[in-house]
Amino acid sequence: MQKINISVENLSIEAELFETPTARKMMEALPLEGSVNVWGEEIYFNIKLHLELEPDAQADVAAGDLAYWPAGPAFCIFFGPTPGIQPR
């Protein structure tokens, strides 16, 4: 797994990305920056990567999961239930 740092104002946390083609492309594009939005219990921000969904992509997420959302396109951080998404 690849480790990244996520920083917002004076808070910085370390996170891990799975070894996937999407994660590799996101790592190559670092640093990613954007204005944060909140939807349900999800933080996301638009990014300039336009990637296709991977064959094993899933909509079920758990608190603490990181994800790429191609419709944004956006980088997402989940910290609880999000409208329309079933928790694992």
# chains A, B, ... in the order shown; residues from 1 in each chain; ligands from 1
$ closest_atom_pairs --of "range 2-32 of chain A" --to "range 36-43 of chain A" --cutoff "12 Å" --atoms "only C-alpha atoms" --output "Markdown table"
| residue | atom | partner | partner_atom | distance |
| --- | --- | --- | --- | --- |
| A:Ile6 | CA | A:Ile43 | CA | 11.8 |
| A:Ser7 | CA | A:Val36 | CA | 11.4 |
| A:Val8 | CA | A:Val36 | CA | 9.2 |
| A:Glu9 | CA | A:Val36 | CA | 11.4 |
| A:Leu32 | CA | A:Val36 | CA | 11.7 |
$ write_last_selection --atoms "N, CA, C and O atoms" --output "PDB file, in the first residue's frame"
ATOM      1  N   ILE A   6      -2.839  13.679   4.083  1.00  0.00           N
ATOM      2  CA  ILE A   6      -3.984  14.531   3.772  1.00  0.00           C
ATOM      3  C   ILE A   6      -3.940  15.678   4.769  1.00  0.00           C
ATOM      4  O   ILE A   6      -3.963  15.446   5.981  1.00  0.00           O
ATOM      5  N   SER A   7      -3.862  16.908   4.262  1.00  0.00           N
ATOM      6  CA  SER A   7      -3.748  18.076   5.130  1.00  0.00           C
ATOM      7  C   SER A   7      -4.886  19.050   4.866  1.00  0.00           C
ATOM      8  O   SER A   7      -5.191  19.356   3.707  1.00  0.00           O
ATOM      9  N   VAL A   8      -5.493  19.513   5.957  1.00  0.00           N
ATOM     10  CA  VAL A   8      -6.535  20.535   5.906  1.00  0.00           C
ATOM     11  C   VAL A   8      -6.233  21.508   7.032  1.00  0.00           C
ATOM     12  O   VAL A   8      -6.216  21.111   8.206  1.00  0.00           O
ATOM     13  N   GLU A   9      -5.950  22.732   6.664  1.00  0.00           N
ATOM     14  CA  GLU A   9      -5.563  23.764   7.620  1.00  0.00           C
ATOM     15  C   GLU A   9      -4.443  23.234   8.511  1.00  0.00           C
ATOM     16  O   GLU A   9      -3.397  22.870   8.009  1.00  0.00           O
ATOM     17  N   LEU A  32      -2.584  16.921  -4.845  1.00  0.00           N
ATOM     18  CA  LEU A  32      -3.942  17.270  -5.267  1.00  0.00           C
ATOM     19  C   LEU A  32      -4.447  18.342  -4.309  1.00  0.00           C
ATOM     20  O   LEU A  32      -4.267  18.226  -3.100  1.00  0.00           O
TER      21      LEU A  32
END
$ closest_atom_pairs --of "range 16-35 of chain A" --to "range 63-86 of chain A" --cutoff "9 Å" --atoms "only C-alpha atoms" --output "JSON lines"
{"residue": "A:Glu16", "atom": "CA", "partner": "A:Leu66", "partner_atom": "CA", "distance": 8.5}
{"residue": "A:Leu17", "atom": "CA", "partner": "A:Leu66", "partner_atom": "CA", "distance": 7.6}
{"residue": "A:Thr22", "atom": "CA", "partner": "A:Tyr68", "partner_atom": "CA", "distance": 7.7}
{"residue": "A:Ala23", "atom": "CA", "partner": "A:Tyr68", "partner_atom": "CA", "distance": 8.6}
{"residue": "A:Met26", "atom": "CA", "partner": "A:Tyr68", "partner_atom": "CA", "distance": 8.8}
{"residue": "A:Leu32", "atom": "CA", "partner": "A:Phe75", "partner_atom": "CA", "distance": 8.9}
$ write_last_selection --atoms "all heavy atoms" --output "tab-separated table (two decimals), in the first residue's frame"
chain	number	residue	atom	x	y	z
A	16	GLU	N	-3.64	5.37	3.62
A	16	GLU	CA	-3.08	4.37	2.73
A	16	GLU	C	-3.99	4.19	1.51
A	16	GLU	O	-5.21	4.18	1.65
A	16	GLU	CB	-2.95	3.03	3.45
A	16	GLU	CG	-1.94	3.04	4.56
A	16	GLU	CD	-1.83	1.71	5.27
A	16	GLU	OE1	-2.78	0.90	5.20
A	16	GLU	OE2	-0.80	1.49	5.90
A	17	LEU	N	-3.36	4.03	0.37
A	17	LEU	CA	-4.09	3.74	-0.86
A	17	LEU	C	-3.78	2.31	-1.27
A	17	LEU	O	-2.63	1.86	-1.18
A	17	LEU	CB	-3.65	4.68	-1.99
A	17	LEU	CG	-3.89	6.17	-1.80
A	17	LEU	CD1	-3.36	6.94	-3.01
A	17	LEU	CD2	-5.36	6.46	-1.59
A	22	THR	N	-5.99	3.06	-10.38
A	22	THR	CA	-6.51	4.38	-10.00
A	22	THR	C	-5.62	5.02	-8.94
A	22	THR	O	-5.25	6.19	-9.05
A	22	THR	CB	-7.96	4.28	-9.49
A	22	THR	OG1	-8.77	3.77	-10.55
A	22	THR	CG2	-8.49	5.63	-9.06
A	23	ALA	N	-5.25	4.26	-7.92
A	23	ALA	CA	-4.39	4.79	-6.85
A	23	ALA	C	-3.03	5.21	-7.42
A	23	ALA	O	-2.50	6.27	-7.04
A	23	ALA	CB	-4.22	3.76	-5.75
A	26	MET	N	-3.43	8.48	-9.15
A	26	MET	CA	-3.61	9.55	-8.17
A	26	MET	C	-2.27	9.91	-7.53
A	26	MET	O	-1.97	11.09	-7.33
A	26	MET	CB	-4.64	9.16	-7.12
A	26	MET	CG	-6.04	9.09	-7.71
A	26	MET	SD	-7.30	8.76	-6.50
A	26	MET	CE	-7.43	10.36	-5.75
A	32	LEU	N	-2.58	16.92	-4.85
A	32	LEU	CA	-3.94	17.27	-5.27
A	32	LEU	C	-4.45	18.34	-4.31
A	32	LEU	O	-4.27	18.23	-3.10
A	32	LEU	CB	-4.86	16.05	-5.21
A	32	LEU	CG	-4.48	14.87	-6.11
A	32	LEU	CD1	-5.34	13.66	-5.78
A	32	LEU	CD2	-4.63	15.25	-7.57
$ select_by_dssp --residues "chain A" --states "strand (DSSP E)" --output "PyMOL selection string"
chain A and resi 2-8+11-17+37-39+42-46+66-69+74-78
$ select_by_dssp --residues "chain A" --states "alpha helix (DSSP H)" --output "ChimeraX atom specification"
/A:21-28
$ atom_distance --atom1 "CA of Lys48 in chain A" --atom2 "CA of Gln2 in chain A"
20.4 Å
$ residues_around --residues "range 54-58 of chain A" --least-positions-apart "2" --cutoff "9 Å" --atoms "only C-alpha atoms" --output "PyMOL selection string"
chain A and resi 20-22+51-52+60-61
$ write_last_selection --atoms "all heavy atoms" --output "CSV table (one decimal), in the first residue's frame"
chain,number,residue,atom,x,y,z
A,20,THR,N,-3.8,-0.1,-6.8
A,20,THR,CA,-4.7,-0.2,-7.9
A,20,THR,C,-4.3,0.7,-9.0
A,20,THR,O,-3.5,1.7,-8.7
A,20,THR,CB,-6.2,0.1,-7.5
A,20,THR,OG1,-6.2,1.5,-7.2
A,20,THR,CG2,-6.7,-0.7,-6.4
A,21,PRO,N,-4.7,0.5,-10.2
A,21,PRO,CA,-4.3,1.5,-11.3
A,21,PRO,C,-4.8,2.9,-11.0
A,21,PRO,O,-4.1,3.9,-11.2
A,21,PRO,CB,-5.1,1.0,-12.5
A,21,PRO,CG,-5.2,-0.5,-12.3
A,21,PRO,CD,-5.4,-0.6,-10.8
A,22,THR,N,-6.0,3.1,-10.4
A,22,THR,CA,-6.5,4.4,-10.0
A,22,THR,C,-5.6,5.0,-8.9
A,22,THR,O,-5.2,6.2,-9.0
A,22,THR,CB,-8.0,4.3,-9.5
A,22,THR,OG1,-8.8,3.8,-10.5
A,22,THR,CG2,-8.5,5.6,-9.1
A,51,LEU,N,-10.6,9.5,-14.9
A,51,LEU,CA,-10.2,8.0,-15.0
A,51,LEU,C,-11.5,7.2,-15.1
A,51,LEU,O,-12.6,7.6,-14.6
A,51,LEU,CB,-9.5,7.6,-13.7
A,51,LEU,CG,-8.2,8.4,-13.3
A,51,LEU,CD1,-7.7,8.1,-11.9
A,51,LEU,CD2,-7.2,8.3,-14.4
A,52,GLU,N,-11.4,6.1,-15.7
A,52,GLU,CA,-12.5,5.1,-15.8
A,52,GLU,C,-12.6,4.3,-14.5
A,52,GLU,O,-11.7,4.1,-13.8
A,52,GLU,CB,-12.3,4.2,-17.0
A,52,GLU,CG,-12.2,4.9,-18.3
A,52,GLU,CD,-13.5,5.5,-18.7
A,52,GLU,OE1,-14.6,5.0,-18.5
A,52,GLU,OE2,-13.5,6.6,-19.3
A,60,ASP,N,-20.2,0.5,-2.1
A,60,ASP,CA,-20.3,0.3,-0.7
A,60,ASP,C,-19.0,0.8,0.0
A,60,ASP,O,-17.9,0.3,-0.4
A,60,ASP,CB,-20.5,-1.2,-0.3
A,60,ASP,CG,-21.8,-1.8,-0.8
A,60,ASP,OD1,-22.7,-1.0,-1.1
A,60,ASP,OD2,-21.9,-3.0,-0.9
A,61,VAL,N,-19.1,1.7,0.9
A,61,VAL,CA,-18.0,2.3,1.6
A,61,VAL,C,-18.2,2.2,3.1
A,61,VAL,O,-19.3,2.2,3.6
A,61,VAL,CB,-17.7,3.7,1.1
A,61,VAL,CG1,-17.3,3.7,-0.4
A,61,VAL,CG2,-18.9,4.6,1.3
